[in-house]
Structures are given as structure tokens and as C-alpha cells.
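What follows is a set of notes on a single structure, which appears directly below.
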Amino acid sequence: MARFMPFRAVHFDPRVVGGDLGPVIAPPYDVVDSALGERLAARHPYNAVRLELTVPVAGGSPERYREAASLWTAWRRAGILVRDGLPAFYLCEHEFWHGGRRLVRTAVVGTLTVAAGVLAHEDTMAQPKEDRLHLLRACRAQFSPILALYEDPEGSVAAALREARGDDPDLQAVGEGEALRAWRVTAEDAIERVTAAVGSGPVVIADGHHRYESARRFAGETGEEGHRRVLAALVATTDPGLVVLPTHRVVRRISPGVRDQIMERVRGAFTTEPIPGDIPFGCEDRAASWWEAFAPPARSEDGHIRLVAVTDQGAWALGYRGETAEALKLLDGILSEAGVAARGILGEAGAAVEYTRDAVCALREVLGGRARAAFFPPAVSVGEVFRKAREGFRFPRKTTYFHPKVPAGLLMCDLDD
């Protein structure tokens, strides 16, 4: 089973950078391209993106890892970053808006041992793992927690944390439409209850598979016991603030023949039903209204999973009798068999299959003639993620997006501590 432990967090000193840590935290590397990275770095001279870095670029300079390590050392020596004196768990509330509702996702941050009991649910890619490994080798630290799920049906962890937290948060950060609050939990009784509850069952990685795999490899390289851990924010599967968004597929740079081949295989694997109404090709500004009017529900009345396919020749509702993860794995297999490589996020040069969480953005690519097709799966439920991971099922990469991302820079881990 999973082993979850308190640790001595490294964090920005509010007395130095200000009580609101919003200007110095950043999203994790995998959603930060070079342009966003430059904006974050310009926001504050101590922004955590300078440590966490950005989406890795093929053939990038190794100098970036040495620079991050140099800053990590310099900021600690200057007192910009400080380390807590006692091991603790950290109760973290992430408040945000989604779908017109205010939600709060509650996590407990500590370190997970990289061993049996921590289950992955998605496939990974080589380049991001190499990138995170290079950063670990240079800094021997972790700047952003992975997000993981655990089962707490009786609410024992939540109760222990509520009892142990103080009135005012020890750390807080405000961003655009969101706020984070963190409390240190050092009471022995609370630590024991959290450790026992998490250790009673498996933990499933929700976000951060590449960071986890890199941490495991780094621990194997060094052989040091203190390196056999990964910084993690754990959220109960029943937490009302858990939001999972779908990731849509946009297919471009293929011939009409390959498009037809893909759709022929799709029709053989899914039930297909034409979506009525005129498709507003050439009218990108109508993408939002069309999507709102014609996007089908996630499931049909007979229980079939429902996806949407839009090509430069029409639109179809696709049905699949089974689970969402299986339907998406089948779709990605069809794209792969057709020789369409999946390499990047939406907008990355050279990628044939690109990813986006914005359905309207994906639709605009087809309506504007920049893509041949787009596929829109429904979101996978938290329950399905946990259950399938326990079964050993690996979701295709870019299946789930747990919103919002856990930021880098709020709580950090010195692996040599």
C-alpha cells in the first residue's frame, strides 16, 4: 500500500516576497509554453517558473537546468526561500470557479514513497520524463506536487485535518479567479490518522505521471533513501471540488485519403449518427453557438458513450457500448493505425494530432480549414479513473485533465533534507 509522510516544506518567505504568493507561483511545467513562461518570469523576479521551467523543447539547451539549480541555491541562501523547522502535512484549499460555480478542492500535501501502492492511470511520453529527470539531477528538489487520489469513505482524513488546522492560513496566494490557502499540520494525532488512512489502500496518480516516473528513476540512480519520494497533493475521490475535463483531438496535415481512411475505421468501431443542421464552414465565429446547439450528452438514452466527430465534410455523433477510457483508447488506436502521429499540444508545429481542452477552439480549427478533423470525447469520471487504475488499465495519454492544476512554488521539497 502507499506510504505517505510529512516533510519539511520549502516555500517563499512571505516577509520577503509579500503575504500574497500569487505573483511568485506558477502552473506546472506541462501547461506552460515559452510565451507564458516569459510572462510569468516578467511578473515577478522570483516567480517559480524559473525553477519549474516550461514545456520541454526537443534539442533544448541543458543550461536551463543548471540555471534553475543556481537559482534554487541562491534564493535559499538569500532567505527568499525558507524551510520549515518541523515535518508537517499541509492542508491546502484551492478555490476556483468552474461552470459558473464556486468550488473548493481540498488536498493534503506530503511526500509519497515511489513504490508499490501508487498506481498510474495514463501512458507517458519519453521527452517530458527525460526533461524532469534532468531537472531532478541538477536541483535534487521538486517544485510542484503531483496530484493523486485516495479513498476516504468515512471522511477520517478530512476530519483530522479540520481539527488540526488553525484559523488563519500559513500561506496563501491569489490568482485570476482562484485562491489557494495552506495550513501546516504538525499535531502527531492528525499525522498518524492521515498516514494510516492513506496507507490503507492504493493511491492513483491523477496528474503528474511524468514527474512520478522521473522521481522513481532518479531514486534508482542515486540509491539514497531520501530520494525515494515524490511531492504529492492527495485529494479524496469524494471531494466535491474534483473536476475532470476532457481533452479533444485535432487532426491536421493529412490528405483527404487519410481522412477518409480514419472515418471508415471510425464507422466500423462506433455507431455513427449524422448531426443535423448546416455546419458553418468558413464561419469560425459561429463555432461556439454551433457547439452549444448540437453537442450531444456524454451518454445516450441506451447507455452508449457519446463522442462527436467533425471533419471538413460533416459532423457525427459516435456511440460506444462501454466506458469512456475504452472508447478513447479505441479512437487513438485508429489514428495511430492510420499513421497519424500524436506529438503535441494544440498549436505545436509538426504535430498531426494535437490536443486541447477547449472544444470551441478545436471546432474553429476545422471550420477555418486549418484541420481536417476533430474528435470530442466526454470527460472521464473520477470513479472510472480510480477503478480502471486498480484494474491495471492504462488510459491513452491526454485522456484526463484535472482542473485546476496544482501550482508550482507554493510548497516545494528538498530531496536532500
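Please note that chains go A, B, ... in the order of the C-alpha cells, that every chain numbers its residues from 1, and that ligands are numbered from 1 in the order shown.
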
So that I can check the secondary structure, give me every residue of region 198-228 of chain A assigned strand (DSSP E or B) by backbone DSSP, as a ChimeraX atom specification. /A:203-207

Write to file, as an mmCIF file, in the first residue's frame, the residues of the selection just made, with N, CA and C atoms.
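Okay, this is what ended up in selection01.cif:
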data_model
loop_
_atom_site.group_PDB
_atom_site.id
_atom_site.type_symbol
_atom_site.label_atom_id
_atom_site.label_comp_id
_atom_site.auth_asym_id
_atom_site.auth_seq_id
_atom_site.Cartn_x
_atom_site.Cartn_y
_atom_site.Cartn_z
ATOM 1 N N VAL A 203 -3.103 4.512 -3.925
ATOM 2 C CA VAL A 203 -3.186 5.904 -4.349
ATOM 3 C C VAL A 203 -3.057 5.914 -5.867
ATOM 4 N N VAL A 204 -3.908 6.657 -6.541
ATOM 5 C CA VAL A 204 -3.908 6.714 -8.005
ATOM 6 C C VAL A 204 -3.438 8.097 -8.453
ATOM 7 N N ILE A 205 -2.431 8.120 -9.312
ATOM 8 C CA ILE A 205 -1.938 9.388 -9.837
ATOM 9 C C ILE A 205 -2.998 9.983 -10.755
ATOM 10 N N ALA A 206 -3.418 11.199 -10.453
ATOM 11 C CA ALA A 206 -4.371 11.902 -11.304
ATOM 12 C C ALA A 206 -3.643 12.770 -12.320
ATOM 13 N N ASP A 207 -2.616 13.483 -11.866
ATOM 14 C CA ASP A 207 -1.836 14.374 -12.735
ATOM 15 C C ASP A 207 -0.396 14.362 -12.242
#

Give me the residues near region 108-113 of chain A as a ChimeraX atom specification, where near means some atom within 7 Å (using only C-alpha atoms) and where sequence neighbours in that chain fewer than 4 positions away do not count. /A:3-7,89-92,228-235

Write out, as a PDB file, in the first residue's frame, the residues just selected, with N, CA, C and O atoms.
ATOM      1  N   ARG A   3       2.708   4.682   0.986  1.00  0.00           N
ATOM      2  CA  ARG A   3       3.272   5.267   2.203  1.00  0.00           C
ATOM      3  C   ARG A   3       3.356   6.769   2.023  1.00  0.00           C
ATOM      4  O   ARG A   3       4.060   7.260   1.138  1.00  0.00           O
ATOM      5  N   PHE A   4       2.635   7.496   2.857  1.00  0.00           N
ATOM      6  CA  PHE A   4       2.518   8.949   2.763  1.00  0.00           C
ATOM      7  C   PHE A   4       3.088   9.555   4.034  1.00  0.00           C
ATOM      8  O   PHE A   4       2.715   9.145   5.146  1.00  0.00           O
ATOM      9  N   MET A   5       3.998  10.527   3.875  1.00  0.00           N
ATOM     10  CA  MET A   5       4.745  11.030   5.022  1.00  0.00           C
ATOM     11  C   MET A   5       4.745  12.559   5.063  1.00  0.00           C
ATOM     12  O   MET A   5       4.717  13.213   4.012  1.00  0.00           O
ATOM     13  N   PRO A   6       4.834  13.134   6.267  1.00  0.00           N
ATOM     14  CA  PRO A   6       5.036  14.581   6.377  1.00  0.00           C
ATOM     15  C   PRO A   6       6.449  14.954   5.953  1.00  0.00           C
ATOM     16  O   PRO A   6       7.329  14.085   5.863  1.00  0.00           O
ATOM     17  N   PHE A   7       6.675  16.212   5.689  1.00  0.00           N
ATOM     18  CA  PHE A   7       8.007  16.663   5.266  1.00  0.00           C
ATOM     19  C   PHE A   7       8.183  18.116   5.689  1.00  0.00           C
ATOM     20  O   PHE A   7       7.240  18.790   6.096  1.00  0.00           O
ATOM     21  N   PHE A  89       2.286  17.758   7.484  1.00  0.00           N
ATOM     22  CA  PHE A  89       1.400  17.715   6.339  1.00  0.00           C
ATOM     23  C   PHE A  89       0.862  19.127   6.154  1.00  0.00           C
ATOM     24  O   PHE A  89       0.853  19.939   7.088  1.00  0.00           O
ATOM     25  N   TYR A  90       0.381  19.413   4.961  1.00  0.00           N
ATOM     26  CA  TYR A  90      -0.139  20.749   4.667  1.00  0.00           C
ATOM     27  C   TYR A  90      -1.540  20.609   4.091  1.00  0.00           C
ATOM     28  O   TYR A  90      -1.729  19.980   3.046  1.00  0.00           O
ATOM     29  N   LEU A  91      -2.493  21.158   4.801  1.00  0.00           N
ATOM     30  CA  LEU A  91      -3.867  21.197   4.314  1.00  0.00           C
ATOM     31  C   LEU A  91      -3.976  22.348   3.322  1.00  0.00           C
ATOM     32  O   LEU A  91      -3.698  23.500   3.667  1.00  0.00           O
ATOM     33  N   CYS A  92      -4.355  22.043   2.106  1.00  0.00           N
ATOM     34  CA  CYS A  92      -4.418  23.062   1.054  1.00  0.00           C
ATOM     35  C   CYS A  92      -5.826  23.131   0.460  1.00  0.00           C
ATOM     36  O   CYS A  92      -6.378  22.111   0.027  1.00  0.00           O
ATOM     37  N   ARG A 228      13.674   8.449  -2.527  1.00  0.00           N
ATOM     38  CA  ARG A 228      12.595   7.534  -2.923  1.00  0.00           C
ATOM     39  C   ARG A 228      11.245   8.118  -2.541  1.00  0.00           C
ATOM     40  O   ARG A 228      10.424   7.480  -1.873  1.00  0.00           O
ATOM     41  N   ARG A 229      11.010   9.352  -2.935  1.00  0.00           N
ATOM     42  CA  ARG A 229       9.744  10.005  -2.603  1.00  0.00           C
ATOM     43  C   ARG A 229       9.435  11.070  -3.644  1.00  0.00           C
ATOM     44  O   ARG A 229      10.318  11.564  -4.348  1.00  0.00           O
ATOM     45  N   VAL A 230       8.156  11.394  -3.695  1.00  0.00           N
ATOM     46  CA  VAL A 230       7.698  12.411  -4.632  1.00  0.00           C
ATOM     47  C   VAL A 230       6.715  13.320  -3.906  1.00  0.00           C
ATOM     48  O   VAL A 230       5.877  12.854  -3.121  1.00  0.00           O
ATOM     49  N   LEU A 231       6.848  14.615  -4.128  1.00  0.00           N
ATOM     50  CA  LEU A 231       5.943  15.589  -3.542  1.00  0.00           C
ATOM     51  C   LEU A 231       4.549  15.370  -4.123  1.00  0.00           C
ATOM     52  O   LEU A 231       4.391  15.273  -5.343  1.00  0.00           O
ATOM     53  N   ALA A 232       3.542  15.288  -3.258  1.00  0.00           N
ATOM     54  CA  ALA A 232       2.204  14.925  -3.742  1.00  0.00           C
ATOM     55  C   ALA A 232       1.113  15.661  -2.983  1.00  0.00           C
ATOM     56  O   ALA A 232       1.197  15.844  -1.761  1.00  0.00           O
ATOM     57  N   ALA A 233       0.100  16.085  -3.731  1.00  0.00           N
ATOM     58  CA  ALA A 233      -1.128  16.646  -3.158  1.00  0.00           C
ATOM     59  C   ALA A 233      -2.209  15.591  -3.317  1.00  0.00           C
ATOM     60  O   ALA A 233      -2.590  15.248  -4.444  1.00  0.00           O
ATOM     61  N   LEU A 234      -2.714  15.059  -2.202  1.00  0.00           N
ATOM     62  CA  LEU A 234      -3.691  13.981  -2.231  1.00  0.00           C
ATOM     63  C   LEU A 234      -5.095  14.531  -2.001  1.00  0.00           C
ATOM     64  O   LEU A 234      -5.322  15.322  -1.086  1.00  0.00           O
ATOM     65  N   VAL A 235      -6.014  14.094  -2.851  1.00  0.00           N
ATOM     66  CA  VAL A 235      -7.408  14.521  -2.775  1.00  0.00           C
ATOM     67  C   VAL A 235      -8.283  13.276  -2.692  1.00  0.00           C
ATOM     68  O   VAL A 235      -8.087  12.316  -3.452  1.00  0.00           O
TER      69      VAL A 235
END

Step one, run DSSP on the backbone; step two, keep only residues of region 241-310 of chain A assigned to alpha helix (DSSP H); then write them as a ChimeraX atom specification. /A:256-269,287-294

Give me the residues within 8 Å of region 188-193 of chain A as an MDAnalysis selection string, counting only C-alpha atoms and dropping any in the same chain fewer than 5 places off. chainID A and resid 6 88:89 156:157 160:161 164

Export, as a PDB file, in the first residue's frame, the selected residues with N, CA and C atoms.
ATOM      1  N   PRO A   6       4.834  13.134   6.267  1.00  0.00           N
ATOM      2  CA  PRO A   6       5.036  14.581   6.377  1.00  0.00           C
ATOM      3  C   PRO A   6       6.449  14.954   5.953  1.00  0.00           C
ATOM      4  N   ALA A  88       5.708  18.260   8.497  1.00  0.00           N
ATOM      5  CA  ALA A  88       4.274  18.538   8.575  1.00  0.00           C
ATOM      6  C   ALA A  88       3.576  18.023   7.337  1.00  0.00           C
ATOM      7  N   PHE A  89       2.286  17.758   7.484  1.00  0.00           N
ATOM      8  CA  PHE A  89       1.400  17.715   6.339  1.00  0.00           C
ATOM      9  C   PHE A  89       0.862  19.127   6.154  1.00  0.00           C
ATOM     10  N   SER A 156     -12.275  10.325   7.440  1.00  0.00           N
ATOM     11  CA  SER A 156     -11.391  10.415   8.605  1.00  0.00           C
ATOM     12  C   SER A 156     -10.247  11.397   8.381  1.00  0.00           C
ATOM     13  N   VAL A 157      -9.711  11.441   7.163  1.00  0.00           N
ATOM     14  CA  VAL A 157      -8.621  12.374   6.884  1.00  0.00           C
ATOM     15  C   VAL A 157      -9.128  13.810   6.946  1.00  0.00           C
ATOM     16  N   ALA A 160      -9.591  14.826  10.544  1.00  0.00           N
ATOM     17  CA  ALA A 160      -8.323  15.062  11.247  1.00  0.00           C
ATOM     18  C   ALA A 160      -7.710  16.391  10.847  1.00  0.00           C
ATOM     19  N   LEU A 161      -7.791  16.729   9.579  1.00  0.00           N
ATOM     20  CA  LEU A 161      -7.214  17.980   9.110  1.00  0.00           C
ATOM     21  C   LEU A 161      -7.997  19.186   9.613  1.00  0.00           C
ATOM     22  N   ALA A 164      -7.065  19.915  13.168  1.00  0.00           N
ATOM     23  CA  ALA A 164      -5.692  20.345  13.416  1.00  0.00           C
ATOM     24  C   ALA A 164      -5.351  21.702  12.811  1.00  0.00           C
TER      25      ALA A 164
END

Fewer than 6 positions away in the same chain doesn't count, so skip those; otherwise give me all residues within 12 Å of Leu71 (chain A), counting only C-alpha atoms, as an MDAnalysis selection string. chainID A and resid 45:53 64:65 77:81 138:139

With the cut-off set at 12 Å and counting only C-alpha atoms, tabulate each residue of region 232-347 of chain A with an atom at most that distance from an atom of region 400-409 of chain A, showing the nearest atom pair and its distance in Å to one decimal, ordered by chain and increasing number, as a tab-separated table.
residue	atom	partner	partner_atom	distance
A:Ala232	CA	A:Val406	CA	9.6
A:Ala233	CA	A:Val406	CA	7.8
A:Leu234	CA	A:Val406	CA	10.6
A:Val235	CA	A:Val406	CA	11.2
A:Gly241	CA	A:His403	CA	9.2
A:Leu242	CA	A:Phe402	CA	7.3
A:Val243	CA	A:His403	CA	5.4
A:Val244	CA	A:Phe402	CA	4.5
A:Leu245	CA	A:Tyr401	CA	5.0
A:Pro246	CA	A:Thr400	CA	5.7
A:Thr247	CA	A:Thr400	CA	6.5
A:His248	CA	A:Thr400	CA	10.0
A:Thr324	CA	A:Thr400	CA	10.6
A:Ala325	CA	A:Thr400	CA	9.3
A:Leu328	CA	A:Thr400	CA	10.7

Quick one: everything within 10 Å of Arg286 (chain A), counting only C-alpha atoms, minus sequence neighbours fewer than 5 positions away in the same chain. Send it as a ChimeraX atom specification. /A:279-281,291,360,363-364,367

I need the chosen residues saved as an mmCIF file, in the first residue's frame, with C-alpha atoms.
data_model
loop_
_atom_site.group_PDB
_atom_site.id
_atom_site.type_symbol
_atom_site.label_atom_id
_atom_site.label_comp_id
_atom_site.auth_asym_id
_atom_site.auth_seq_id
_atom_site.Cartn_x
_atom_site.Cartn_y
_atom_site.Cartn_z
ATOM 1 C CA ILE A 279 -22.000 23.014 -40.466
ATOM 2 C CA PRO A 280 -20.789 26.652 -40.575
ATOM 3 C CA PHE A 281 -17.605 26.009 -42.564
ATOM 4 C CA TRP A 291 -21.295 23.553 -30.356
ATOM 5 C CA VAL A 360 -14.796 25.629 -29.390
ATOM 6 C CA LEU A 363 -14.031 23.314 -33.743
ATOM 7 C CA ARG A 364 -12.699 26.604 -35.089
ATOM 8 C CA LEU A 367 -14.320 25.385 -39.611
#

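With distances restricted to only C-alpha atoms, A:Arg184 is the closest residue to Leu411 (chain A) from A:His121, A:Arg101, A:Arg15, A:Arg184.
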
Would you give me, as JSON lines, each residue of region 172-287 of chain A having an atom within 8 Å of an atom of region 20-33 of chain A, along with its shortest atom pair and that distance in Å to one decimal, using only C-alpha atoms and sorting by chain and residue number?
{"residue": "A:Gln172", "atom": "CA", "partner": "A:Asp20", "partner_atom": "CA", "distance": 5.9}
{"residue": "A:Ala173", "atom": "CA", "partner": "A:Gly22", "partner_atom": "CA", "distance": 4.3}
{"residue": "A:Val174", "atom": "CA", "partner": "A:Gly22", "partner_atom": "CA", "distance": 4.8}
{"residue": "A:Gly175", "atom": "CA", "partner": "A:Gly22", "partner_atom": "CA", "distance": 5.5}

Prev. selection, N, CA and C atoms, output as an mmCIF file, in the first residue's frame:
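again-v2.cif was written with the following content:
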data_model
loop_
_atom_site.group_PDB
_atom_site.id
_atom_site.type_symbol
_atom_site.label_atom_id
_atom_site.label_comp_id
_atom_site.auth_asym_id
_atom_site.auth_seq_id
_atom_site.Cartn_x
_atom_site.Cartn_y
_atom_site.Cartn_z
ATOM 1 N N GLN A 172 -0.780 31.787 1.569
ATOM 2 C CA GLN A 172 -1.921 31.994 0.694
ATOM 3 C C GLN A 172 -1.484 32.682 -0.590
ATOM 4 N N ALA A 173 -2.254 32.444 -1.620
ATOM 5 C CA ALA A 173 -1.956 33.023 -2.932
ATOM 6 C C ALA A 173 -3.256 33.295 -3.656
ATOM 7 N N VAL A 174 -3.308 34.407 -4.346
ATOM 8 C CA VAL A 174 -4.498 34.800 -5.102
ATOM 9 C C VAL A 174 -4.109 34.944 -6.563
ATOM 10 N N GLY A 175 -4.891 34.329 -7.445
ATOM 11 C CA GLY A 175 -4.655 34.444 -8.870
ATOM 12 C C GLY A 175 -5.904 34.917 -9.578
#

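Remark: for Arg387 (chain A), the closest of the candidate residues A:Phe12, A:Phe294, A:Tyr212, A:Tyr150 is A:Tyr150 (distances computed over only C-alpha atoms).
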
Which residues, written as a PyMOL selection string, have at least one atom at most 10 Å from Glu326 (chain A), with only C-alpha atoms counted and residues fewer than 3 positions away on the same chain left out? chain A and resi 305+320-323+329-332+388+393-396

Between A:Val57, A:Val17, A:Arg370, A:Arg249, which has the minimum distance to His44 (chain A) (counting only C-alpha atoms)? A:Val17

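Of note, CA of Ala309 (chain A) and CA of Phe376 (chain A) are spaced 6.4 Å apart.
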
Closest of A:Ser255, A:Gln142, A:Thr186, A:Thr356 to Asp84 (chain A), counting only C-alpha atoms, is A:Thr186

So that I can check the surroundings of Ala126 (chain A), please list as a ChimeraX atom specification every protein, DNA and RNA residue that reaches within 12 Å of it, counting only C-alpha atoms and ignoring chain neighbours fewer than 6 positions away. /A:56,58,132-133,209-211,213-214,343,397

With only C-alpha atoms as the atoms that count, which of A:Gln127, A:Glu163, A:Val353, A:Asp278 lies nearest to Ile254 (chain A)? A:Val353

Select from region 93-181 of chain A every residue with an atom at most 10 Å from any atom of region 382-385 of chain A, then for each give the shortest pair of atoms and their distance in Å to one decimal, using only C-alpha atoms, rows by chain and rising number, as a tab-separated table.
residue	atom	partner	partner_atom	distance
A:Ala120	CA	A:Val385	CA	9.6
A:His121	CA	A:Val385	CA	6.8
A:Glu122	CA	A:Val385	CA	9.4
A:Leu149	CA	A:Val382	CA	8.8

Length of the CA of Val340 (chain A) to CA of Ala288 (chain A) vector [Å]: 27.2 Å
